[in-house]
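Trainee: My structure is in start_4.txt, and what it holds is compact mmCIF, C-alpha atoms and all ligand atoms:
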```txt
# COMPACT_ATOMS: atom_id res chain seq x y z
CA MET A 1 34.20 53.53 33.51
CA ILE A 2 37.95 54.22 33.63
CA ILE A 3 38.95 57.83 32.86
CA SER A 4 42.21 58.28 31.01
CA VAL A 5 44.31 61.17 32.38
CA GLY A 6 47.10 63.21 30.75
CA ILE A 7 49.41 65.35 32.88
CA ILE A 8 50.97 68.61 31.65
CA GLY A 9 54.04 69.36 33.77
CA TYR A 10 54.63 65.64 34.25
CA THR A 11 58.22 65.96 35.51
CA GLY A 12 57.33 68.49 38.21
CA ARG A 13 56.71 67.96 41.91
CA MET A 14 52.94 68.08 41.40
CA GLY A 15 53.04 66.24 38.07
CA GLN A 16 54.75 63.28 39.71
CA ALA A 17 52.41 63.29 42.73
CA ILE A 18 49.41 63.31 40.38
CA ALA A 19 50.87 60.49 38.28
CA ARG A 20 51.26 58.31 41.39
CA THR A 21 47.69 59.13 42.48
CA VAL A 22 46.25 58.29 39.05
CA GLU A 23 48.20 55.03 38.86
CA THR A 24 46.67 53.80 42.12
CA HIS A 25 43.14 55.13 41.47
CA SER A 26 40.45 52.56 40.73
CA ALA A 27 38.56 54.87 38.33
CA ALA A 28 41.53 56.41 36.46
CA SER A 29 44.37 55.35 34.23
CA LEU A 30 47.47 57.30 33.20
CA ALA A 31 47.50 58.09 29.48
CA GLY A 32 50.80 59.86 29.94
CA GLY A 33 52.65 63.07 30.61
CA LEU A 34 53.73 66.11 28.68
CA THR A 35 57.17 67.48 29.45
CA ARG A 36 59.42 70.15 27.92
CA THR A 37 62.89 68.85 28.52
CA THR A 38 63.01 65.11 29.00
CA PRO A 39 60.78 63.18 26.59
CA VAL A 40 61.70 59.56 27.18
CA GLY A 41 59.87 57.73 24.46
CA GLY A 42 56.39 56.51 23.69
CA LYS A 43 54.39 53.45 24.54
CA ASP A 44 57.14 51.11 23.35
CA ASN A 45 59.10 51.20 26.60
CA ARG A 46 56.47 52.06 29.22
CA PRO A 47 52.71 51.59 29.64
CA PHE A 48 52.03 55.29 29.14
CA ILE A 49 53.27 58.12 26.90
CA VAL A 50 55.86 60.67 27.96
CA THR A 51 56.33 63.21 25.23
CA ASP A 52 56.98 66.87 24.47
CA LYS A 53 54.34 66.78 21.70
CA PRO A 54 50.74 67.54 22.74
CA GLU A 55 49.48 65.94 19.52
CA GLU A 56 50.87 62.58 20.70
CA LEU A 57 49.29 62.76 24.16
CA PHE A 58 46.08 64.78 24.04
CA PRO A 59 44.06 62.51 21.69
CA GLU A 60 44.71 59.59 24.09
CA CYS A 61 43.17 61.38 27.11
CA ASP A 62 39.65 61.80 28.52
CA VAL A 63 40.86 64.73 30.64
CA LEU A 64 44.01 66.83 30.96
CA ILE A 65 45.53 68.05 34.23
CA ASP A 66 47.93 70.99 33.98
CA PHE A 67 50.44 71.82 36.74
CA SER A 68 53.12 73.53 34.68
CA HIS A 69 53.94 77.22 34.42
CA ALA A 70 51.84 80.38 34.19
CA SER A 71 53.34 81.20 30.79
CA ALA A 72 52.29 77.83 29.33
CA THR A 73 48.79 77.07 30.64
CA SER A 74 46.66 79.06 28.17
CA HIS A 75 48.65 77.62 25.24
CA TYR A 76 47.89 74.06 26.33
CA ALA A 77 44.25 74.92 27.08
CA GLN A 78 43.86 76.11 23.49
CA ILE A 79 45.33 72.87 22.17
CA ALA A 80 43.05 70.87 24.51
CA ALA A 81 40.09 72.75 23.00
CA GLN A 82 41.21 71.73 19.49
CA TYR A 83 40.98 68.10 20.62
CA GLY A 84 37.76 68.66 22.61
CA LYS A 85 39.39 67.51 25.86
CA PRO A 86 38.31 68.71 29.35
CA PHE A 87 41.10 70.78 30.92
CA LEU A 88 41.87 71.24 34.63
CA SER A 89 44.63 73.63 35.62
CA GLY A 90 46.11 74.15 39.07
CA THR A 91 48.98 76.27 37.81
CA THR A 92 49.29 79.52 39.75
CA GLY A 93 50.40 83.02 38.79
CA LEU A 94 48.25 83.26 35.62
CA ASP A 95 47.93 86.81 34.27
CA LYS A 96 44.69 88.39 33.06
CA ASP A 97 45.24 87.34 29.44
CA SER A 98 45.80 83.70 30.41
CA LEU A 99 42.70 83.68 32.60
CA ALA A 100 40.71 85.27 29.77
CA ALA A 101 41.97 82.55 27.41
CA LEU A 102 40.74 79.86 29.82
CA HIS A 103 37.32 81.52 29.92
CA GLU A 104 37.29 81.70 26.13
CA VAL A 105 38.04 78.01 25.56
CA SER A 106 35.44 77.06 28.18
CA ALA A 107 32.84 77.77 25.51
CA LYS A 108 34.13 74.63 23.75
CA ILE A 109 35.35 72.35 26.56
CA PRO A 110 34.85 71.94 30.33
CA VAL A 111 37.57 74.00 32.08
CA LEU A 112 38.28 73.95 35.80
CA TYR A 113 40.79 76.46 37.12
CA THR A 114 41.83 76.53 40.75
CA THR A 115 44.85 77.79 42.64
CA ASN A 116 44.33 75.11 45.27
CA THR A 117 43.05 71.60 44.68
CA SER A 118 42.80 70.73 48.38
CA LEU A 119 39.15 69.90 48.97
CA SER A 120 39.20 71.38 52.49
CA LEU A 121 40.42 74.70 51.12
CA VAL A 122 36.93 75.10 49.66
CA VAL A 123 35.62 75.03 53.24
CA VAL A 124 38.30 77.48 54.45
CA LYS A 125 37.33 79.90 51.69
CA GLN A 126 33.71 79.80 52.86
CA MET A 127 34.83 80.41 56.46
CA ALA A 128 36.91 83.41 55.36
CA ARG A 129 33.96 84.86 53.46
CA VAL A 130 31.58 84.43 56.41
CA ALA A 131 34.06 85.87 58.96
CA ALA A 132 34.71 88.87 56.71
CA ARG A 133 30.99 89.46 56.33
CA LEU A 134 30.29 89.25 60.07
CA LEU A 135 33.18 91.63 60.89
CA LYS A 136 32.49 94.00 58.01
CA ASP A 137 31.32 96.92 60.16
CA GLN A 138 33.77 96.28 63.01
CA ASP A 139 37.26 97.66 63.67
CA TYR A 140 39.27 94.74 62.26
CA ASP A 141 42.30 94.57 59.95
CA VAL A 142 42.64 91.54 57.67
CA SER A 143 46.00 89.97 56.83
CA ILE A 144 46.79 86.86 54.81
CA LEU A 145 50.08 85.04 55.34
CA ASP A 146 51.21 82.25 53.05
CA LYS A 147 54.16 79.96 53.74
CA HIS A 148 55.66 77.78 51.02
CA HIS A 149 58.84 75.98 50.05
CA ARG A 150 61.90 77.87 48.82
CA TRP A 151 61.30 76.86 45.17
CA LYS A 152 57.86 78.46 44.82
CA LYS A 153 58.02 81.09 42.10
CA ASP A 154 55.01 83.34 42.82
CA ALA A 155 54.22 85.44 45.91
CA PRO A 156 51.67 85.98 47.30
CA SER A 157 50.48 82.50 46.49
CA GLY A 158 47.53 81.97 44.18
CA THR A 159 45.66 80.51 47.16
CA ALA A 160 46.34 83.64 49.24
CA LEU A 161 44.85 85.74 46.44
CA THR A 162 41.84 83.40 46.19
CA LEU A 163 41.26 83.69 49.95
CA GLY A 164 41.68 87.46 49.67
CA LYS A 165 38.98 87.54 46.99
CA ALA A 166 36.66 85.61 49.33
CA VAL A 167 37.37 88.17 52.10
CA LEU A 168 36.59 91.07 49.74
CA GLU A 169 33.37 89.37 48.65
CA GLY A 170 32.41 88.97 52.33
CA ASN A 171 33.13 92.53 53.49
CA ASP A 172 32.32 94.32 50.21
CA GLY A 173 35.91 95.55 50.01
CA LYS A 174 35.66 97.41 53.33
CA HIS A 175 38.81 95.88 54.87
CA PRO A 176 41.14 94.87 52.02
CA PRO A 177 43.58 92.17 53.10
CA VAL A 178 47.31 92.85 53.40
CA TYR A 179 49.46 89.98 52.06
CA SER A 180 52.76 88.61 53.27
CA SER A 181 54.68 85.51 52.20
CA ILE A 182 57.41 83.31 53.62
CA ARG A 183 59.45 81.10 51.25
CA SER A 184 61.47 78.69 53.31
CA GLY A 185 62.68 75.09 53.40
CA ALA A 186 60.28 72.46 52.11
CA ILE A 187 56.99 73.83 53.50
CA VAL A 188 54.22 72.31 51.35
CA GLY A 189 51.61 75.05 51.84
CA GLU A 190 50.18 77.00 54.79
CA HIS A 191 47.73 79.90 54.85
CA ASP A 192 46.64 82.07 57.78
CA ILE A 193 43.79 84.56 57.48
CA LEU A 194 44.12 86.90 60.44
CA PHE A 195 41.27 89.17 61.51
CA ALA A 196 42.98 91.46 64.05
CA GLY A 197 40.88 93.71 66.25
CA THR A 198 41.99 95.87 69.17
CA GLY A 199 42.33 93.34 71.96
CA GLU A 200 41.30 90.13 70.19
CA ASN A 201 42.27 88.25 67.05
CA ILE A 202 40.76 85.46 64.97
CA THR A 203 42.99 83.26 62.83
CA ILE A 204 41.63 80.83 60.26
CA GLN A 205 44.45 78.47 59.36
CA HIS A 206 44.88 75.85 56.66
CA VAL A 207 47.99 73.66 56.71
CA VAL A 208 48.94 71.07 54.11
CA THR A 209 51.79 68.80 55.14
CA ASP A 210 51.64 66.37 52.24
CA ARG A 211 51.56 67.35 48.53
CA ARG A 212 49.42 64.25 47.87
CA VAL A 213 46.48 66.24 49.26
CA PHE A 214 46.67 68.51 46.17
CA ALA A 215 47.15 65.51 43.91
CA ARG A 216 44.12 63.65 45.31
CA GLY A 217 41.94 66.76 44.98
CA ALA A 218 43.17 67.39 41.44
CA VAL A 219 42.40 63.82 40.36
CA GLN A 220 38.96 63.82 42.03
CA ALA A 221 38.14 67.14 40.33
CA ALA A 222 39.46 65.94 36.96
CA LEU A 223 37.33 62.78 37.06
CA TRP A 224 34.33 64.97 37.85
CA LEU A 225 35.25 67.42 35.06
CA ALA A 226 35.44 64.63 32.48
CA GLY A 227 31.66 64.20 32.84
CA GLN A 228 30.71 67.87 32.57
CA LYS A 229 29.42 70.01 29.72
CA PRO A 230 31.61 72.80 28.31
CA GLY A 231 31.83 75.65 30.83
CA TYR A 232 34.06 77.29 33.41
CA TYR A 233 34.20 75.56 36.78
CA ILE A 234 35.91 75.98 40.18
CA MET A 235 36.51 73.54 43.05
CA ASP A 236 33.29 74.67 44.76
CA ASP A 237 31.40 73.10 41.84
CA VAL A 238 33.10 69.74 42.47
CA LEU A 239 31.85 69.78 46.07
CA GLU A 240 28.57 71.39 44.99
CA ILE A 241 29.08 74.32 47.37
CA GLY A 242 27.18 77.39 46.24
CA GLY A 243 28.26 81.08 46.55
N1 LIG B 301 46.51 74.25 42.59
C1 LIG B 301 47.21 73.65 43.57
O1 LIG B 301 46.66 73.05 44.48
C2 LIG B 301 48.71 73.69 43.52
C3 LIG B 301 49.48 72.98 44.44
C4 LIG B 301 50.87 72.99 44.29
C5 LIG B 301 51.45 73.68 43.24
N2 LIG B 301 50.66 74.39 42.38
C6 LIG B 301 51.20 75.10 41.23
O2 LIG B 301 51.46 74.12 40.22
C7 LIG B 301 52.54 74.58 39.40
C8 LIG B 301 53.61 73.50 39.37
O3 LIG B 301 54.12 73.33 40.67
P1 LIG B 301 55.32 72.32 40.96
O4 LIG B 301 55.68 72.49 42.38
O5 LIG B 301 54.96 70.96 40.46
O6 LIG B 301 56.45 72.96 40.02
P2 LIG B 301 57.73 72.26 39.38
O7 LIG B 301 58.21 71.13 40.22
O8 LIG B 301 58.67 73.37 39.05
O9 LIG B 301 57.17 71.61 38.02
C9 LIG B 301 56.77 72.41 36.95
C10 LIG B 301 56.52 71.52 35.74
O10 LIG B 301 56.05 72.35 34.68
C11 LIG B 301 56.88 72.19 33.54
N3 LIG B 301 57.05 73.50 32.90
C12 LIG B 301 57.67 74.59 33.41
N4 LIG B 301 57.62 75.60 32.54
C13 LIG B 301 56.95 75.14 31.46
C14 LIG B 301 56.59 75.69 30.22
N5 LIG B 301 56.90 76.96 29.90
N6 LIG B 301 55.93 74.91 29.34
C15 LIG B 301 55.60 73.65 29.65
N7 LIG B 301 55.92 73.05 30.81
C16 LIG B 301 56.59 73.80 31.70
C17 LIG B 301 58.19 71.64 34.03
O11 LIG B 301 58.71 70.89 32.98
P3 LIG B 301 60.26 70.61 32.77
O12 LIG B 301 60.62 69.64 33.84
O13 LIG B 301 60.34 70.02 31.43
O14 LIG B 301 60.93 71.93 32.92
C18 LIG B 301 57.74 70.78 35.21
O15 LIG B 301 57.32 69.51 34.76
C19 LIG B 301 52.99 75.91 40.00
O16 LIG B 301 52.33 76.96 39.34
C20 LIG B 301 52.52 75.81 41.44
O17 LIG B 301 52.34 77.07 42.05
C21 LIG B 301 49.31 74.40 42.50
```
Could you write out this file's structure as structure tokens?
Mentor:
Amino acid sequence: MIISVGIIGYTGRMGQAIARTVETHSAASLAGGLTRTTPVGGKDNRPFIVTDKPEELFPECDVLIDFSHASATSHYAQIAAQYGKPFLSGTTGLDKDSLAALHEVSAKIPVLYTTNTSLSLVVVKQMARVAARLLKDQDYDVSILDKHHRWKKDAPSGTALTLGKAVLEGNDGKHPPVYSSIRSGAIVGEHDILFAGTGENITIQHVVTDRRVFARGAVQAALWLAGQKPGYYIMDDVLEIGG
């Protein structure tokens, strides 16, 4: 079965990477993209829709992938719920109200929210949780450093905060992580979790050098989401990793 995918934030760096991934995927087809500023016509002049009107795109999709802006995600999730369409968002920097809105619509549609669609990041998160738990009663400070390209709007990154949450779950909040961020050049995405003792350090590092990693993970997760019941999901569910 071919799953038809719609992309919110189609003109963006991630939107374009996801479009290319969908176009070459054997189990997916590109229904089209939603954009704010440059709608370039409907199906007449290309095999998929590019529009600024959700009502033109959403009914054509089996699943929606949102990589847009924190101020827009909950709005589009609510429209997706009106059309009964599964909704995956990788947009970072969502505030509490936006996250609450995603939880609310997940009563009607499958929703997957993740600040990092790299599949290996799921493994790194588990490693961070385990290391934090094992060092919980020891004299260690925890720091999380994220490095991203100069255009990234939020800091610390959503992934840094997700890793920080895993650390806090592991050590019951005993050593809260300190965050720092570097925004420089075209760095795709790097995260270091440093457990610094007195005389020895442990660093867990995750480095992405190619944005297509996020795109591949997003598409794999979206295809999985299209077959799920309404509910709120995270990347761990895609890989069936518990706790
Ligand atoms: N989860 C992950 O693995 C992951 C990985 C990388 C990035 N991200 C996140 O994904 C998001 C997009 O990243 P990017 O690098 O692709 O950014 P980008 O190149 O700036 O693209 C953003 C896209 O969102 C659209 N957009 C911006 N504001 C909007 C609004 N208010 N309403 C509707 N659409 C809006 C833009 O449309 P116009 O062109 O029309 O302005 C553009 O298509 C960011 O939050 C980023 O942190 C997540």
Trainee: Counting all atoms listed in the file, what are the residues of chain A within 7 Å of ligand LIG 301 (chain B), and for each of them which pair of atoms is the nearest and at what distance in Å, to one decimal? Sort the table by chain and rising number, as a tab-separated table.
Mentor:
```
residue	atom	partner	partner_atom	distance
A:Ile8	CA	B:LIG301	N7	6.7
A:Gly9	CA	B:LIG301	O15	3.4
A:Tyr10	CA	B:LIG301	O15	4.7
A:Thr11	CA	B:LIG301	O15	3.7
A:Gly12	CA	B:LIG301	O9	3.1
A:Arg13	CA	B:LIG301	O5	3.8
A:Met14	CA	B:LIG301	O5	3.6
A:Gly15	CA	B:LIG301	O5	5.6
A:Thr35	CA	B:LIG301	O13	4.5
A:Arg36	CA	B:LIG301	O13	3.6
A:Thr37	CA	B:LIG301	O13	4.0
A:Thr38	CA	B:LIG301	O13	6.1
A:Phe67	CA	B:LIG301	O2	4.3
A:Ser68	CA	B:LIG301	O10	3.2
A:His69	CA	B:LIG301	N4	4.4
A:Ala70	CA	B:LIG301	O16	6.2
A:Ser71	CA	B:LIG301	N5	5.6
A:Ala72	CA	B:LIG301	N6	4.7
A:Gly90	CA	B:LIG301	N1	3.5
A:Thr91	CA	B:LIG301	O16	3.7
A:Thr92	CA	B:LIG301	O16	4.0
A:Gly93	CA	B:LIG301	O16	6.4
A:Thr114	CA	B:LIG301	N1	5.5
A:Thr115	CA	B:LIG301	N1	3.9
A:Asn116	CA	B:LIG301	O1	3.2
A:Thr117	CA	B:LIG301	O1	3.9
A:Ser118	CA	B:LIG301	O1	6.0
A:Lys152	CA	B:LIG301	O17	6.3
A:Lys153	CA	B:LIG301	O17	7.0
A:Asp154	CA	B:LIG301	O17	6.9
A:Phe214	CA	B:LIG301	O1	4.8
```
Trainee: What are the nearest atom pairs, with distances in Å to one decimal, for all residues of region 16-108 of chain A that come at most 12 Å from region 208-211 of chain A, using only C-alpha atoms, set out by chain and rising residue number as CSV?
Mentor:
```
residue,atom,partner,partner_atom,distance
A:Gln16,CA,A:Arg211,CA,10.2
A:Ala17,CA,A:Arg211,CA,7.1
A:Ile18,CA,A:Arg211,CA,9.3
A:Arg20,CA,A:Arg211,CA,11.5
A:Thr21,CA,A:Arg211,CA,10.9
```
Trainee: Could you pull the residues within 7 Å of Val5 (chain A), counting all atoms listed in the file, minus those fewer than 6 positions along the same chain, as number ranges by chain?
Mentor: A: 28-31, 61-64
Trainee: Would you mind exporting the chosen residues as a PDB file, in the coordinates of the input, restricted to C-alpha atoms?
Mentor:
```
ATOM      1  CA  ALA A  28      41.530  56.410  36.460  1.00  0.00           C
ATOM      2  CA  SER A  29      44.370  55.350  34.230  1.00  0.00           C
ATOM      3  CA  LEU A  30      47.470  57.300  33.200  1.00  0.00           C
ATOM      4  CA  ALA A  31      47.500  58.090  29.480  1.00  0.00           C
ATOM      5  CA  CYS A  61      43.170  61.380  27.110  1.00  0.00           C
ATOM      6  CA  ASP A  62      39.650  61.800  28.520  1.00  0.00           C
ATOM      7  CA  VAL A  63      40.860  64.730  30.640  1.00  0.00           C
ATOM      8  CA  LEU A  64      44.010  66.830  30.960  1.00  0.00           C
TER       9      LEU A  64
END
```
Trainee: Please measure the separation of CA of Ile187 (chain A) and CA of Ile144 (chain A), giving the value in Å to one decimal.
Mentor: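 CA of Ile187 (chain A) sits 16.6 Å away from CA of Ile144 (chain A).
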Trainee: So which residues touch Ile65 (chain A) within 8 Å, counting only C-alpha atoms, skipping near sequence neighbours fewer than 5 positions away, as a list in words?
Mentor: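 Skipping anything fewer than 5 positions along the chain leaves Val5, Gly6, Ile7, Ile8, Phe87, Leu88, Ser89, Gly90, Ala218 and Ala222 of chain A.
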Trainee: Counting all atoms listed in the file, figure out which residue out of A:His148, A:Arg183, A:Lys125, A:Arg216 gets nearest to Leu161 (chain A).
Mentor: A:Lys125
Trainee: In Å, with one decimal, what is the gap from CA of Thr73 (chain A) to CA of Asp97 (chain A)?
Mentor: 10.9 Å
Trainee: Could you tell me which of A:Glu169, A:Asp237, A:Ile49, A:Val142 comes closest to Ile202 (chain A) if we count all atoms listed in the file?
Mentor: A:Val142
Trainee: I want to know what sits within 7 Å of Ile204 (chain A), based on all atoms listed in the file, with residues of the same chain fewer than 4 positions away left out; could you give that as a PyMOL selection string?
Mentor: chain A and resi 192-194
Trainee: Could you rebuild region 84-111 of chain A with N, CA and C atoms and give it back as a short mmCIF file (atom, residue, chain, number, x, y, z; two decimals), in the coordinates of the input?
Mentor:
```cif
data_model
loop_
_atom_site.label_atom_id
_atom_site.label_comp_id
_atom_site.auth_asym_id
_atom_site.auth_seq_id
_atom_site.Cartn_x
_atom_site.Cartn_y
_atom_site.Cartn_z
N GLY A 84 39.02 68.85 21.88
CA GLY A 84 37.76 68.66 22.61
C GLY A 84 37.94 67.97 23.95
N LYS A 85 39.10 68.21 24.61
CA LYS A 85 39.39 67.51 25.86
C LYS A 85 39.18 68.41 27.08
N PRO A 86 38.46 67.94 28.11
CA PRO A 86 38.31 68.71 29.35
C PRO A 86 39.69 69.06 29.93
N PHE A 87 39.79 70.25 30.52
CA PHE A 87 41.10 70.78 30.92
C PHE A 87 41.01 71.33 32.33
N LEU A 88 41.77 70.73 33.25
CA LEU A 88 41.87 71.24 34.63
C LEU A 88 43.25 71.83 34.81
N SER A 89 43.32 73.06 35.31
CA SER A 89 44.63 73.63 35.62
C SER A 89 44.70 74.07 37.07
N GLY A 90 45.81 73.68 37.72
CA GLY A 90 46.11 74.15 39.07
C GLY A 90 47.32 75.05 39.08
N THR A 91 47.79 75.42 37.91
CA THR A 91 48.98 76.27 37.81
C THR A 91 48.68 77.67 38.34
N THR A 92 49.56 78.21 39.15
CA THR A 92 49.29 79.52 39.75
C THR A 92 50.05 80.63 39.01
N GLY A 93 49.70 81.86 39.35
CA GLY A 93 50.40 83.02 38.79
C GLY A 93 49.92 83.41 37.40
N LEU A 94 48.75 82.92 36.96
CA LEU A 94 48.25 83.26 35.62
C LEU A 94 47.90 84.75 35.54
N ASP A 95 48.29 85.39 34.43
CA ASP A 95 47.93 86.81 34.27
C ASP A 95 46.52 86.92 33.68
N LYS A 96 46.08 88.17 33.52
CA LYS A 96 44.69 88.39 33.06
C LYS A 96 44.44 87.77 31.69
N ASP A 97 45.43 87.88 30.79
CA ASP A 97 45.24 87.34 29.44
C ASP A 97 45.09 85.82 29.49
N SER A 98 45.89 85.17 30.32
CA SER A 98 45.80 83.70 30.41
C SER A 98 44.46 83.28 30.99
N LEU A 99 44.01 84.01 32.01
CA LEU A 99 42.70 83.68 32.60
C LEU A 99 41.59 83.91 31.57
N ALA A 100 41.72 84.99 30.81
CA ALA A 100 40.71 85.27 29.77
C ALA A 100 40.70 84.15 28.73
N ALA A 101 41.89 83.65 28.39
CA ALA A 101 41.97 82.55 27.41
C ALA A 101 41.28 81.30 27.94
N LEU A 102 41.43 81.02 29.24
CA LEU A 102 40.74 79.86 29.82
C LEU A 102 39.22 80.03 29.73
N HIS A 103 38.77 81.25 30.04
CA HIS A 103 37.32 81.52 29.92
C HIS A 103 36.85 81.32 28.48
N GLU A 104 37.68 81.78 27.54
CA GLU A 104 37.29 81.70 26.13
C GLU A 104 37.14 80.23 25.69
N VAL A 105 38.13 79.40 26.02
CA VAL A 105 38.04 78.01 25.56
C VAL A 105 36.94 77.24 26.29
N SER A 106 36.50 77.77 27.44
CA SER A 106 35.44 77.06 28.18
C SER A 106 34.10 77.09 27.43
N ALA A 107 34.03 77.85 26.36
CA ALA A 107 32.84 77.77 25.51
C ALA A 107 32.83 76.45 24.72
N LYS A 108 34.02 75.86 24.56
CA LYS A 108 34.13 74.63 23.75
C LYS A 108 34.33 73.37 24.59
N ILE A 109 35.03 73.52 25.73
CA ILE A 109 35.35 72.35 26.56
C ILE A 109 35.09 72.70 28.04
N PRO A 110 34.91 71.66 28.89
CA PRO A 110 34.85 71.94 30.33
C PRO A 110 36.24 72.36 30.81
N VAL A 111 36.30 73.49 31.53
CA VAL A 111 37.57 74.00 32.08
C VAL A 111 37.38 74.20 33.58
#
```
